[in-house]
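K.L.:
This is final.tsv, which holds TSV, C-alpha atoms:
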```tsv
chain	number	residue	atom	x	y	z
A	3	MET	CA	93.32	77.27	52.18
A	4	SER	CA	89.59	77.94	52.37
A	5	LYS	CA	89.67	78.87	56.05
A	6	SER	CA	92.94	80.79	55.84
A	7	ASN	CA	91.35	83.91	57.35
A	8	SER	CA	90.45	82.37	60.71
A	9	PRO	CA	92.50	83.60	63.69
A	10	LEU	CA	93.35	80.03	64.66
A	11	ASN	CA	94.81	79.46	61.23
A	12	ASP	CA	96.89	82.64	61.52
A	13	PHE	CA	98.21	81.35	64.82
A	14	MET	CA	98.97	77.83	63.58
A	15	ASN	CA	100.75	79.25	60.54
A	16	GLY	CA	103.58	80.48	62.73
A	17	ILE	CA	103.94	77.22	64.63
A	18	TRP	CA	104.76	75.06	61.64
A	19	LYS	CA	103.68	76.05	58.14
A	20	GLN	CA	105.58	79.33	58.25
A	21	ASN	CA	107.74	78.70	61.31
A	22	PRO	CA	110.11	81.69	61.49
A	23	ILE	CA	113.18	79.52	62.08
A	24	PHE	CA	112.57	76.32	60.15
A	25	LYS	CA	110.54	77.68	57.24
A	26	GLN	CA	111.34	81.36	56.86
A	27	VAL	CA	114.90	81.12	58.28
A	28	LEU	CA	114.54	84.49	59.98
A	29	GLY	CA	116.19	85.55	63.22
A	30	THR	CA	118.91	82.93	63.05
A	31	CYS	CA	121.45	85.20	64.73
A	32	PRO	CA	119.80	85.21	68.18
A	33	THR	CA	118.80	81.60	67.59
A	34	LEU	CA	122.40	80.51	67.24
A	35	ALA	CA	123.75	82.76	69.96
A	36	VAL	CA	121.46	82.39	72.96
A	37	THR	CA	120.47	78.72	72.81
A	38	VAL	CA	123.24	77.38	75.07
A	39	SER	CA	120.56	76.52	77.60
A	40	ILE	CA	116.83	75.99	77.52
A	41	VAL	CA	116.19	78.82	80.01
A	42	ASN	CA	117.93	81.31	77.75
A	43	GLY	CA	115.94	80.04	74.80
A	44	VAL	CA	112.62	80.41	76.62
A	45	ALA	CA	113.50	83.90	77.85
A	46	MET	CA	114.57	85.04	74.40
A	47	GLY	CA	111.47	83.52	72.85
A	48	LEU	CA	109.13	85.20	75.32
A	49	ALA	CA	110.87	88.56	75.01
A	50	THR	CA	110.60	88.37	71.22
A	51	THR	CA	106.95	87.28	71.41
A	52	PHE	CA	106.14	90.25	73.65
A	53	VAL	CA	107.77	92.71	71.25
A	54	LEU	CA	106.23	90.97	68.23
A	55	LEU	CA	102.72	91.03	69.69
A	56	PHE	CA	102.67	94.65	70.79
A	57	SER	CA	104.46	96.06	67.75
A	58	SER	CA	102.15	94.09	65.43
A	59	LEU	CA	99.06	95.34	67.27
A	60	ILE	CA	100.20	98.97	67.25
A	61	ILE	CA	101.38	98.86	63.65
A	62	SER	CA	98.15	97.33	62.39
A	63	MET	CA	96.22	99.98	64.34
A	64	ILE	CA	98.10	102.93	62.94
A	65	LYS	CA	98.87	101.54	59.47
A	66	LYS	CA	96.44	103.90	57.71
A	67	LEU	CA	97.96	106.98	59.38
A	68	ILE	CA	101.54	106.32	58.32
A	69	PRO	CA	102.62	107.72	54.95
A	70	ASN	CA	104.03	104.96	52.78
A	71	GLN	CA	107.46	106.57	52.38
A	72	VAL	CA	108.27	106.60	56.11
A	73	ARG	CA	106.58	103.36	57.11
A	74	ILE	CA	109.79	101.41	57.83
A	75	ALA	CA	111.14	104.23	60.00
A	76	ALA	CA	107.87	104.41	61.88
A	77	TYR	CA	107.79	100.61	62.37
A	78	ILE	CA	111.34	100.60	63.71
A	79	VAL	CA	110.53	103.32	66.27
A	80	VAL	CA	107.52	101.33	67.48
A	81	ILE	CA	109.57	98.11	67.66
A	82	ALA	CA	112.51	99.81	69.37
A	83	THR	CA	110.20	101.25	72.01
A	84	PHE	CA	108.91	97.83	73.01
A	85	VAL	CA	112.38	96.30	72.92
A	86	THR	CA	113.68	99.00	75.25
A	87	ILE	CA	110.74	98.38	77.58
A	88	VAL	CA	111.64	94.66	77.70
A	89	ASP	CA	115.30	95.48	78.26
A	90	ILE	CA	114.63	97.89	81.12
A	91	VAL	CA	112.08	95.64	82.81
A	92	MET	CA	114.37	92.62	82.56
A	93	LYS	CA	117.28	94.56	84.05
A	94	ALA	CA	115.08	95.63	86.94
A	95	GLN	CA	113.25	92.38	87.61
A	96	PHE	CA	115.43	89.55	86.25
A	97	PRO	CA	119.03	90.78	86.44
A	98	ASP	CA	120.52	87.29	86.05
A	99	LEU	CA	118.55	86.54	82.90
A	100	SER	CA	119.33	89.96	81.53
A	101	LYS	CA	123.03	89.29	82.09
A	102	ALA	CA	122.85	85.90	80.39
A	103	LEU	CA	121.12	87.25	77.30
A	104	GLY	CA	123.45	90.24	77.21
A	105	PRO	CA	123.27	92.33	74.04
A	106	PHE	CA	120.73	90.06	72.39
A	107	ILE	CA	117.76	91.77	74.02
A	108	PRO	CA	118.54	95.21	72.55
A	109	LEU	CA	119.26	93.42	69.26
A	110	ILE	CA	115.64	92.23	69.05
A	111	VAL	CA	115.09	95.64	67.40
A	112	VAL	CA	116.78	94.35	64.27
A	113	ASN	CA	115.40	90.81	64.53
A	114	CYS	CA	114.02	90.34	61.05
A	115	ILE	CA	111.05	88.29	62.29
A	116	ILE	CA	109.53	91.39	63.84
A	117	LEU	CA	110.05	93.85	61.01
A	118	GLY	CA	109.23	91.06	58.58
A	119	ARG	CA	105.84	90.40	60.15
A	120	ALA	CA	105.16	94.12	60.48
A	121	GLU	CA	105.79	94.67	56.79
A	122	ALA	CA	104.35	91.42	55.45
A	123	PHE	CA	101.35	90.96	57.72
A	124	ALA	CA	100.48	93.64	60.28
A	125	SER	CA	100.57	96.49	57.77
A	126	LYS	CA	98.06	94.70	55.54
A	127	ASN	CA	95.68	92.97	57.96
A	128	THR	CA	93.27	93.72	60.76
A	129	VAL	CA	94.33	94.19	64.37
A	130	VAL	CA	92.86	90.85	65.49
A	131	ARG	CA	94.49	88.86	62.70
A	132	SER	CA	97.83	90.64	63.26
A	133	GLY	CA	97.66	89.80	66.95
A	134	PHE	CA	97.10	86.12	66.27
A	135	ASP	CA	99.77	86.08	63.60
A	136	ALA	CA	102.25	87.67	66.03
A	137	LEU	CA	101.37	85.16	68.77
A	138	GLY	CA	101.78	82.28	66.35
A	139	MET	CA	105.11	83.53	65.04
A	140	GLY	CA	106.30	84.16	68.60
A	141	ALA	CA	105.21	80.70	69.71
A	142	GLY	CA	106.90	79.13	66.69
A	143	PHE	CA	110.10	81.01	67.41
A	144	THR	CA	109.99	80.09	71.10
A	145	LEU	CA	109.34	76.42	70.32
A	146	ALA	CA	112.26	76.35	67.90
A	147	LEU	CA	114.53	77.94	70.53
A	148	ILE	CA	113.35	75.43	73.15
A	149	VAL	CA	114.12	72.49	70.85
A	150	ILE	CA	117.58	73.79	69.95
A	151	GLY	CA	118.31	74.93	73.50
A	152	SER	CA	117.38	71.58	75.05
A	153	ILE	CA	119.45	69.59	72.55
A	154	ARG	CA	122.47	71.81	73.14
A	155	GLU	CA	122.08	71.85	76.92
A	156	ILE	CA	121.67	68.07	77.23
A	157	LEU	CA	124.56	67.20	74.93
A	158	GLY	CA	126.82	70.09	75.88
A	159	SER	CA	126.52	70.14	79.64
A	160	ASN	CA	124.50	67.02	80.58
A	161	LYS	CA	121.79	69.24	82.01
A	162	LEU	CA	118.23	70.29	81.34
A	163	PHE	CA	116.78	73.41	82.98
A	164	GLY	CA	120.02	73.50	84.97
A	165	PHE	CA	119.41	70.05	86.52
A	166	VAL	CA	121.78	67.18	85.76
A	167	VAL	CA	119.97	64.64	83.57
A	168	LEU	CA	122.84	62.55	82.24
A	169	PRO	CA	125.21	60.62	84.54
A	170	ASP	CA	128.78	61.85	85.08
A	171	THR	CA	130.12	58.93	83.09
A	172	VAL	CA	128.84	60.60	79.92
A	173	GLU	CA	131.44	63.18	78.99
A	174	PRO	CA	129.62	66.43	78.03
A	175	MET	CA	130.23	67.31	74.39
A	176	LEU	CA	131.59	70.78	74.79
A	177	ILE	CA	131.20	71.60	71.13
A	178	PHE	CA	127.43	71.87	71.57
A	179	ILE	CA	127.86	74.84	73.92
A	180	LEU	CA	130.26	76.50	71.49
A	181	PRO	CA	129.08	78.34	68.34
A	182	ALA	CA	129.97	75.36	66.13
A	183	GLY	CA	127.45	73.23	68.02
A	184	ALA	CA	124.75	75.80	67.35
A	185	PHE	CA	125.32	75.53	63.61
A	186	LEU	CA	125.42	71.72	63.76
A	187	THR	CA	122.18	71.49	65.75
A	188	LEU	CA	120.35	74.01	63.57
A	189	GLY	CA	121.59	72.38	60.36
A	190	ILE	CA	120.51	68.92	61.39
A	191	LEU	CA	117.10	70.22	62.50
A	192	PHE	CA	116.68	71.99	59.15
A	193	GLY	CA	117.48	68.70	57.46
A	194	ILE	CA	114.92	66.79	59.53
A	195	ALA	CA	112.24	69.44	58.96
A	196	ASN	CA	112.83	69.55	55.21
A	197	ASN	CA	112.95	65.79	54.95
A	198	TYR	CA	109.59	65.54	56.73
A	199	GLU	CA	108.05	68.18	54.45
A	200	GLN	CA	109.45	66.51	51.34
A	201	LYS	CA	108.08	63.13	52.35
A	202	LYS	CA	104.68	64.70	53.03
A	203	LYS	CA	104.71	66.42	49.65
A	204	ASP	CA	105.71	63.22	47.87
A	205	LYS	CA	102.87	61.39	49.54
A	206	GLU	CA	100.39	64.07	48.50
A	207	ILE	CA	101.58	63.96	44.91
A	208	GLN	CA	101.29	60.18	44.94
A	209	LYS	CA	97.79	60.46	46.34
A	210	ALA	CA	96.79	63.03	43.73
A	211	ILE	CA	98.09	60.82	40.96
A	212	THR	CA	96.18	57.75	42.17
A	213	ALA	CA	93.06	59.84	42.72
A	214	GLU	CA	93.25	61.23	39.23
A	215	ARG	CA	93.74	57.77	37.73
A	216	SER	CA	90.73	56.37	39.52
A	217	THR	CA	88.49	59.31	38.52
A	218	LYS	CA	89.63	58.96	34.92
A	219	LEU	CA	88.75	55.29	34.96
A	220	VAL	CA	85.31	56.04	36.31
A	221	THR	CA	84.49	59.07	34.19
A	222	ALA	CA	86.00	57.91	30.93
A	223	PRO	CA	82.98	55.96	29.68
A	224	ALA	CA	80.68	58.78	30.74
A	225	SER	CA	82.57	61.36	28.73
A	226	VAL	CA	82.58	59.08	25.76
A	227	GLN	CA	78.87	58.81	26.11
A	228	THR	CA	78.30	62.58	26.22
A	229	GLU	CA	80.44	63.03	23.17
A	230	THR	CA	78.40	60.55	21.19
A	231	GLU	CA	75.19	62.17	22.33
A	232	GLU	CA	76.34	65.56	21.16
A	233	ALA	CA	77.39	64.17	17.87
B	15	MET	CA	104.51	119.56	50.24
B	16	ASN	CA	101.49	118.29	52.06
B	17	ASN	CA	102.89	114.79	51.99
B	18	VAL	CA	106.22	115.93	53.42
B	19	THR	CA	104.48	117.64	56.31
B	20	LYS	CA	102.44	114.55	56.93
B	21	MET	CA	105.59	112.42	57.02
B	22	LEU	CA	107.26	114.77	59.46
B	23	VAL	CA	104.25	115.01	61.72
B	24	THR	CA	103.78	111.22	61.80
B	25	LEU	CA	107.38	110.52	62.77
B	26	VAL	CA	107.48	113.31	65.35
B	27	VAL	CA	104.27	112.11	66.98
B	28	ILE	CA	105.42	108.47	67.07
B	29	GLY	CA	108.82	109.51	68.42
B	30	ALA	CA	107.32	111.72	71.11
B	31	ILE	CA	104.91	109.04	72.31
B	32	SER	CA	107.66	106.40	72.51
B	33	GLY	CA	110.02	108.82	74.23
B	34	GLY	CA	107.45	109.74	76.84
B	35	LEU	CA	106.52	106.12	77.46
B	36	LEU	CA	110.13	105.05	77.88
B	37	ALA	CA	110.90	107.93	80.23
B	38	LYS	CA	108.02	106.85	82.49
B	39	ILE	CA	109.12	103.21	82.52
B	40	PHE	CA	112.74	104.09	83.13
B	41	GLU	CA	111.74	106.30	86.05
B	42	TRP	CA	110.03	103.29	87.61
B	43	ALA	CA	112.82	100.80	86.88
B	44	ASP	CA	115.92	102.87	87.57
B	45	PRO	CA	115.97	102.54	91.38
B	46	GLN	CA	115.55	98.77	91.03
B	47	ILE	CA	118.36	98.49	88.49
B	48	LYS	CA	120.66	100.47	90.79
B	49	ALA	CA	119.63	98.34	93.77
B	50	ASN	CA	120.43	95.18	91.81
B	51	ALA	CA	123.90	96.43	90.96
B	52	GLN	CA	124.44	97.44	94.58
B	53	ARG	CA	123.31	94.04	95.84
B	54	GLU	CA	125.59	92.29	93.37
B	55	THR	CA	128.61	94.32	94.53
B	56	GLU	CA	127.80	93.77	98.18
B	57	ARG	CA	127.44	90.04	97.70
B	58	ALA	CA	130.81	89.92	95.93
B	59	ILE	CA	132.50	91.92	98.70
B	60	PHE	CA	131.44	89.41	101.34
B	61	VAL	CA	132.48	86.50	99.13
B	62	VAL	CA	136.05	87.79	99.04
B	63	HIS	CA	135.90	88.67	102.75
B	64	PRO	CA	133.94	85.83	104.34
B	65	GLU	CA	134.49	87.21	107.87
B	66	GLY	CA	133.38	90.70	106.84
B	67	LYS	CA	130.16	92.04	108.33
B	68	LYS	CA	130.13	95.64	107.20
B	69	GLN	CA	131.42	97.45	104.15
B	70	GLU	CA	131.90	101.07	103.30
B	71	LYS	CA	132.83	102.74	100.04
B	72	LEU	CA	135.96	104.86	100.28
B	73	THR	CA	135.60	108.37	98.98
B	74	GLY	CA	138.19	110.85	97.78
B	75	ILE	CA	140.09	108.36	95.63
B	76	PRO	CA	139.82	107.81	91.87
B	77	ASP	CA	139.17	104.04	92.21
B	78	GLU	CA	136.12	102.17	93.38
B	79	LEU	CA	137.29	100.67	96.66
B	80	TYR	CA	135.49	99.25	99.67
B	81	LYS	CA	136.66	99.02	103.28
B	82	VAL	CA	135.50	95.81	104.97
B	83	MET	CA	134.99	95.59	108.73
B	84	ASP	CA	134.11	92.76	111.13
B	85	ASP	CA	131.16	93.04	113.51
B	86	LYS	CA	133.18	95.12	116.02
B	87	GLY	CA	134.13	97.62	113.33
B	88	ASN	CA	137.76	96.58	113.03
B	89	LEU	CA	139.23	96.88	109.56
B	90	ILE	CA	139.84	93.42	108.13
B	91	GLY	CA	140.72	94.37	104.58
B	92	TYR	CA	139.78	95.99	101.32
B	93	ALA	CA	137.65	94.87	98.41
B	94	MET	CA	138.25	96.25	94.98
B	95	PRO	CA	136.42	95.60	91.70
B	96	VAL	CA	139.01	95.05	88.97
B	97	LYS	CA	138.71	94.34	85.28
B	98	GLY	CA	140.81	93.72	82.20
B	99	ASN	CA	140.94	91.92	78.90
B	100	GLY	CA	140.67	88.15	78.86
B	101	PHE	CA	140.83	85.83	75.87
B	102	GLN	CA	137.55	86.88	74.26
B	103	GLY	CA	136.32	89.84	76.24
B	104	VAL	CA	136.50	91.75	79.46
B	105	ILE	CA	136.90	89.83	82.72
B	106	LYS	CA	135.45	91.61	85.75
B	107	MET	CA	136.41	90.43	89.22
B	108	MET	CA	136.15	91.39	92.86
B	109	MET	CA	139.43	91.16	94.72
B	110	GLY	CA	139.78	91.02	98.50
B	111	VAL	CA	143.05	91.87	100.23
B	112	SER	CA	144.25	92.11	103.82
B	113	PRO	CA	144.84	95.62	105.29
B	114	ASP	CA	148.63	95.34	104.82
B	115	LEU	CA	148.14	94.20	101.18
B	116	LYS	CA	150.36	91.16	101.87
B	117	LYS	CA	147.63	88.58	101.49
B	118	ILE	CA	144.75	88.00	99.12
B	119	THR	CA	141.66	87.04	101.07
B	120	GLY	CA	139.56	86.06	98.11
B	121	LEU	CA	138.73	86.46	94.47
B	122	THR	CA	135.49	86.06	92.62
B	123	VAL	CA	134.79	86.50	88.93
B	124	LEU	CA	131.76	88.71	88.33
B	125	ASP	CA	131.61	88.73	84.57
B	126	GLN	CA	133.44	86.89	81.81
B	127	VAL	CA	132.88	85.61	78.28
B	128	GLU	CA	135.76	83.14	78.09
B	129	THR	CA	135.43	79.86	76.18
B	130	PRO	CA	132.93	77.60	77.98
B	131	GLY	CA	134.63	74.59	79.53
B	132	LEU	CA	138.14	75.98	79.06
B	133	GLY	CA	138.64	79.68	79.85
B	134	SER	CA	135.46	79.80	81.91
B	135	GLU	CA	137.17	77.48	84.42
B	136	ILE	CA	138.70	80.67	85.89
B	137	THR	CA	135.43	81.10	87.76
B	138	LYS	CA	135.91	77.76	89.58
B	139	GLU	CA	137.15	77.73	93.16
B	140	SER	CA	139.89	75.25	92.24
B	141	PHE	CA	141.50	78.11	90.36
B	142	THR	CA	140.52	81.18	92.41
B	143	ASP	CA	141.37	79.57	95.77
B	144	GLN	CA	145.02	79.41	94.69
B	145	PHE	CA	145.21	83.17	95.11
B	146	LYS	CA	144.46	82.84	98.82
B	147	LYS	CA	147.72	80.95	99.32
B	148	VAL	CA	149.93	82.93	96.99
B	149	ASP	CA	152.41	85.61	98.05
B	150	PRO	CA	151.39	88.68	96.04
B	151	THR	CA	154.63	90.67	96.60
B	152	PRO	CA	156.27	91.78	94.37
B	153	ALA	CA	153.90	90.24	91.82
B	154	ILE	CA	151.91	87.08	91.12
B	155	VAL	CA	153.19	84.86	88.31
B	156	GLY	CA	151.14	82.42	86.25
B	157	LYS	CA	153.06	79.16	85.62
B	158	LYS	CA	152.25	76.20	83.39
B	159	GLY	CA	152.61	72.66	84.70
B	160	ALA	CA	154.05	73.20	88.16
B	161	THR	CA	154.53	76.03	90.63
B	162	GLU	CA	158.07	76.85	91.80
B	163	THR	CA	158.01	79.86	94.11
B	164	ALA	CA	155.47	81.25	96.55
B	165	ASN	CA	154.50	83.82	93.92
B	166	ASP	CA	153.31	81.22	91.44
B	167	ILE	CA	149.81	80.33	90.37
B	168	LEU	CA	149.14	77.20	88.34
B	169	THR	CA	147.43	78.13	85.08
B	170	ILE	CA	144.52	76.08	83.77
B	171	THR	CA	145.41	73.55	81.08
B	172	GLY	CA	144.00	74.76	77.78
B	173	ALA	CA	143.28	78.20	79.18
B	174	THR	CA	146.70	79.74	79.69
B	175	ILE	CA	145.66	83.08	78.22
B	176	SER	CA	142.56	83.38	80.41
B	177	SER	CA	144.53	82.33	83.52
B	178	LYS	CA	147.34	84.75	82.82
B	179	ALA	CA	144.81	87.52	82.17
B	180	VAL	CA	143.40	86.97	85.66
B	181	VAL	CA	146.91	87.13	87.12
B	182	LYS	CA	147.64	90.32	85.21
B	183	ILE	CA	144.41	91.98	86.33
B	184	MET	CA	145.17	91.02	89.95
B	185	ASN	CA	148.69	92.46	89.71
B	186	LEU	CA	147.43	95.73	88.25
B	187	GLY	CA	144.84	95.97	91.02
B	188	LEU	CA	147.46	95.29	93.68
B	189	ASP	CA	149.79	97.91	92.18
B	190	GLU	CA	146.99	100.43	92.34
B	191	LEU	CA	146.34	99.59	96.00
B	192	ARG	CA	150.06	99.80	96.84
B	193	LYS	CA	150.21	103.21	95.21
B	194	LEU	CA	147.23	104.41	97.26
B	195	LYS	CA	148.84	103.01	100.41
B	196	LYS	CA	152.13	104.79	99.66
B	197	GLU	CA	150.25	108.04	99.19
B	198	GLY	CA	148.62	107.43	102.53
B	199	LYS	CA	145.10	107.43	101.11
B	200	ILE	CA	144.09	104.07	102.56
```
Just dump the structure as structure tokens.

P.N.:
Amino acid sequence: MSKSNSPLNDFMNGIWKQNPIFKQVLGTCPTLAVTVSIVNGVAMGLATTFVLLFSSLIISMIKKLIPNQVRIAAYIVVIATFVTIVDIVMKAQFPDLSKALGPFIPLIVVNCIILGRAEAFASKNTVVRSGFDALGMGAGFTLALIVIGSIREILGSNKLFGFVVLPDTVEPMLIFILPAGAFLTLGILFGIANNYEQKKKDKEIQKAITAERSTKLVTAPASVQTETEEA
Amino acid sequence: MNNVTKMLVTLVVIGAISGGLLAKIFEWADPQIKANAQRETERAIFVVHPEGKKQEKLTGIPDELYKVMDDKGNLIGYAMPVKGNGFQGVIKMMMGVSPDLKKITGLTVLDQVETPGLGSEITKESFTDQFKKVDPTPAIVGKKGATETANDILTITGATISSKAVVKIMNLGLDELRKLKKEGKI
């Protein structure tokens, strides 16, 4: 924790230690809904990252000017502005993607990752740190969507990035495209992530215990000695 | 009091800046969004009328309807965007008919949110191509299992509601066209 203020650390925080999906369990609604294919997941992740980055930057810049009582309202206006920009630009430049993501782009406004980071991080930290935090959170979110999206696309439609990767003889498991498959995939991934963390924690505890034992063994005679000297 | 004024001023300033910014961006994007929609419609019109070369929107009628011509300018049919409720949401389609409204020249689904793998099969040609062979007068009928008359369409197994919704939307569209024809508007 000694170097917790470095920008790199702020960025890496979002990737794993505080991953918005697997650790904070924020923004699960778009996560479950749009991850039928990897392309959708990437697009959603990038759109959210864009909004997250710019709203975090702006909010950390103007945080001192906003009276405390209206801060949430002010944050939401800033966030909504960037979401609308994304929505309009996508409609103009990527109509197919915009159609596939449907109402989930406008709904980024209420994605709790963004307001959560604005309130928990950007409103308390410098512009540079907020920017890195936003990028890290966005990258973590995008990575999570890519993992879920690729699992669902491979199992549900035998494809990856729209290209067939499994032979026809493998019957696509339709359930993975349906909402139930989203819950199954996310649940199993939560389980794997928690299991990994638990194992790591157990190992650390074990290590601490052995370390303590060995130091005790070494220092015990010394302490005895000091005591006798004092006496 | 001072604090209240400060709150008001802050929100008004933030709102005004966002509003102005969005107006500028929308001004830039609007023509492109309209062009995309136009291109989408045009593409759909020529899908339902493969021989069509030119299209023209009919004016003076309440419906959105397109006249489709071949390269010599002869009328080869009409294309009409139709929509209605499916199993889970609205199904939007483009329907192509011959000038006498006796034959369906094509059908393409533009937008649907039916169940993937079941209801969404309505977008497949194996289903939509049936409409090219069907006799649409007096009305198309969706049948399970096997077709009996020339009016029948075979519904998709496991997606009867979605299939019948398509049939219903087509019939409503055809009725509308027949009404316009009777009134001499097309």

K.L.:
Neighbouring residues of range 43-53 of chain A were defined as those with any atom within 10 Å, considering only C-alpha atoms; residues of the same chain fewer than 3 positions away were excluded. Please report them as a ChimeraX atom specification.

P.N.:
/A:32-40,56-59,80-89,92,99-100,102-103,106-107,110-111,113,115-116,136-152

K.L.:
Please build the interface table for range 52-169 of chain A against range 44-49 of chain B with a cut-off of 9 Å, listing for each qualifying residue the nearest atom pair and the distance in Å to one decimal; count all atoms listed in the file, order rows by chain and increasing number, and write it as a tab-separated table.

P.N.:
```
residue	atom	partner	partner_atom	distance
A:Ile90	CA	B:Asp44	CA	8.3
A:Val91	CA	B:Ile47	CA	8.9
A:Lys93	CA	B:Ile47	CA	6.0
A:Ala94	CA	B:Ile47	CA	4.6
A:Gln95	CA	B:Gln46	CA	7.6
A:Pro97	CA	B:Ile47	CA	8.0
```

K.L.:
To one decimal place, how far is CA of Ala195 in chain A from CA of Lys19 in chain A in Å?

P.N.:
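Between CA of Ala195 in chain A and CA of Lys19 in chain A the gap works out to 10.8 Å.
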
K.L.:
Counting only C-alpha atoms, find the residues whose atoms lie at most 12 Å from (147.4, 76.6, 94.7) (file coordinates) and write them out as a CSV table (one decimal) with C-alpha atoms, keeping the file's coordinate frame.

P.N.:
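Result written to point_39.csv:
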```csv
chain,number,residue,atom,x,y,z
B,139,GLU,CA,137.2,77.7,93.2
B,140,SER,CA,139.9,75.2,92.2
B,141,PHE,CA,141.5,78.1,90.4
B,142,THR,CA,140.5,81.2,92.4
B,143,ASP,CA,141.4,79.6,95.8
B,144,GLN,CA,145.0,79.4,94.7
B,145,PHE,CA,145.2,83.2,95.1
B,146,LYS,CA,144.5,82.8,98.8
B,147,LYS,CA,147.7,81.0,99.3
B,148,VAL,CA,149.9,82.9,97.0
B,149,ASP,CA,152.4,85.6,98.0
B,154,ILE,CA,151.9,87.1,91.1
B,155,VAL,CA,153.2,84.9,88.3
B,156,GLY,CA,151.1,82.4,86.2
B,157,LYS,CA,153.1,79.2,85.6
B,159,GLY,CA,152.6,72.7,84.7
B,160,ALA,CA,154.0,73.2,88.2
B,161,THR,CA,154.5,76.0,90.6
B,162,GLU,CA,158.1,76.8,91.8
B,163,THR,CA,158.0,79.9,94.1
B,164,ALA,CA,155.5,81.2,96.6
B,165,ASN,CA,154.5,83.8,93.9
B,166,ASP,CA,153.3,81.2,91.4
B,167,ILE,CA,149.8,80.3,90.4
B,168,LEU,CA,149.1,77.2,88.3
B,169,THR,CA,147.4,78.1,85.1
B,170,ILE,CA,144.5,76.1,83.8
```

K.L.:
Near Phe123 in chain A, counting only C-alpha atoms, which residues have an atom at most 12 Å away, once you skip same-chain residues fewer than 2 positions from it, shown as a PDB file with C-alpha atoms, in the frame of the given file?

P.N.:
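Output below, filename part33.pdb:
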```pdb
ATOM      1  CA  ASP A  12      96.890  82.640  61.520  1.00  0.00           C
ATOM      2  CA  GLY A  16     103.580  80.480  62.730  1.00  0.00           C
ATOM      3  CA  LEU A  54     106.230  90.970  68.230  1.00  0.00           C
ATOM      4  CA  SER A  57     104.460  96.060  67.750  1.00  0.00           C
ATOM      5  CA  SER A  58     102.150  94.090  65.430  1.00  0.00           C
ATOM      6  CA  LEU A  59      99.060  95.340  67.270  1.00  0.00           C
ATOM      7  CA  ILE A  61     101.380  98.860  63.650  1.00  0.00           C
ATOM      8  CA  SER A  62      98.150  97.330  62.390  1.00  0.00           C
ATOM      9  CA  LYS A  65      98.870 101.540  59.470  1.00  0.00           C
ATOM     10  CA  ILE A 115     111.050  88.290  62.290  1.00  0.00           C
ATOM     11  CA  ILE A 116     109.530  91.390  63.840  1.00  0.00           C
ATOM     12  CA  LEU A 117     110.050  93.850  61.010  1.00  0.00           C
ATOM     13  CA  GLY A 118     109.230  91.060  58.580  1.00  0.00           C
ATOM     14  CA  ARG A 119     105.840  90.400  60.150  1.00  0.00           C
ATOM     15  CA  ALA A 120     105.160  94.120  60.480  1.00  0.00           C
ATOM     16  CA  GLU A 121     105.790  94.670  56.790  1.00  0.00           C
ATOM     17  CA  SER A 125     100.570  96.490  57.770  1.00  0.00           C
ATOM     18  CA  LYS A 126      98.060  94.700  55.540  1.00  0.00           C
ATOM     19  CA  ASN A 127      95.680  92.970  57.960  1.00  0.00           C
ATOM     20  CA  THR A 128      93.270  93.720  60.760  1.00  0.00           C
ATOM     21  CA  VAL A 129      94.330  94.190  64.370  1.00  0.00           C
ATOM     22  CA  VAL A 130      92.860  90.850  65.490  1.00  0.00           C
ATOM     23  CA  ARG A 131      94.490  88.860  62.700  1.00  0.00           C
ATOM     24  CA  SER A 132      97.830  90.640  63.260  1.00  0.00           C
ATOM     25  CA  GLY A 133      97.660  89.800  66.950  1.00  0.00           C
ATOM     26  CA  PHE A 134      97.100  86.120  66.270  1.00  0.00           C
ATOM     27  CA  ASP A 135      99.770  86.080  63.600  1.00  0.00           C
ATOM     28  CA  ALA A 136     102.250  87.670  66.030  1.00  0.00           C
ATOM     29  CA  MET A 139     105.110  83.530  65.040  1.00  0.00           C
TER      30      MET A 139
END
```

K.L.:
Could you list, as an mmCIF file with C-alpha atoms, in the coordinates of the input, the residues of chain B having an atom within 9 Å of chain A when counting only C-alpha atoms?

P.N.:
```cif
data_model
loop_
_atom_site.group_PDB
_atom_site.id
_atom_site.type_symbol
_atom_site.label_atom_id
_atom_site.label_comp_id
_atom_site.auth_asym_id
_atom_site.auth_seq_id
_atom_site.Cartn_x
_atom_site.Cartn_y
_atom_site.Cartn_z
ATOM 1 C CA ASN B 17 102.890 114.790 51.990
ATOM 2 C CA LYS B 20 102.440 114.550 56.930
ATOM 3 C CA MET B 21 105.590 112.420 57.020
ATOM 4 C CA LEU B 22 107.260 114.770 59.460
ATOM 5 C CA THR B 24 103.780 111.220 61.800
ATOM 6 C CA LEU B 25 107.380 110.520 62.770
ATOM 7 C CA ILE B 28 105.420 108.470 67.070
ATOM 8 C CA GLY B 29 108.820 109.510 68.420
ATOM 9 C CA SER B 32 107.660 106.400 72.510
ATOM 10 C CA GLY B 33 110.020 108.820 74.230
ATOM 11 C CA LEU B 35 106.520 106.120 77.460
ATOM 12 C CA LEU B 36 110.130 105.050 77.880
ATOM 13 C CA ILE B 39 109.120 103.210 82.520
ATOM 14 C CA PHE B 40 112.740 104.090 83.130
ATOM 15 C CA ALA B 43 112.820 100.800 86.880
ATOM 16 C CA ASP B 44 115.920 102.870 87.570
ATOM 17 C CA PRO B 45 115.970 102.540 91.380
ATOM 18 C CA GLN B 46 115.550 98.770 91.030
ATOM 19 C CA ILE B 47 118.360 98.490 88.490
ATOM 20 C CA LYS B 48 120.660 100.470 90.790
ATOM 21 C CA ALA B 49 119.630 98.340 93.770
ATOM 22 C CA ASN B 50 120.430 95.180 91.810
ATOM 23 C CA ALA B 51 123.900 96.430 90.960
ATOM 24 C CA ASP B 125 131.610 88.730 84.570
ATOM 25 C CA THR B 129 135.430 79.860 76.180
ATOM 26 C CA PRO B 130 132.930 77.600 77.980
ATOM 27 C CA GLY B 131 134.630 74.590 79.530
#
```
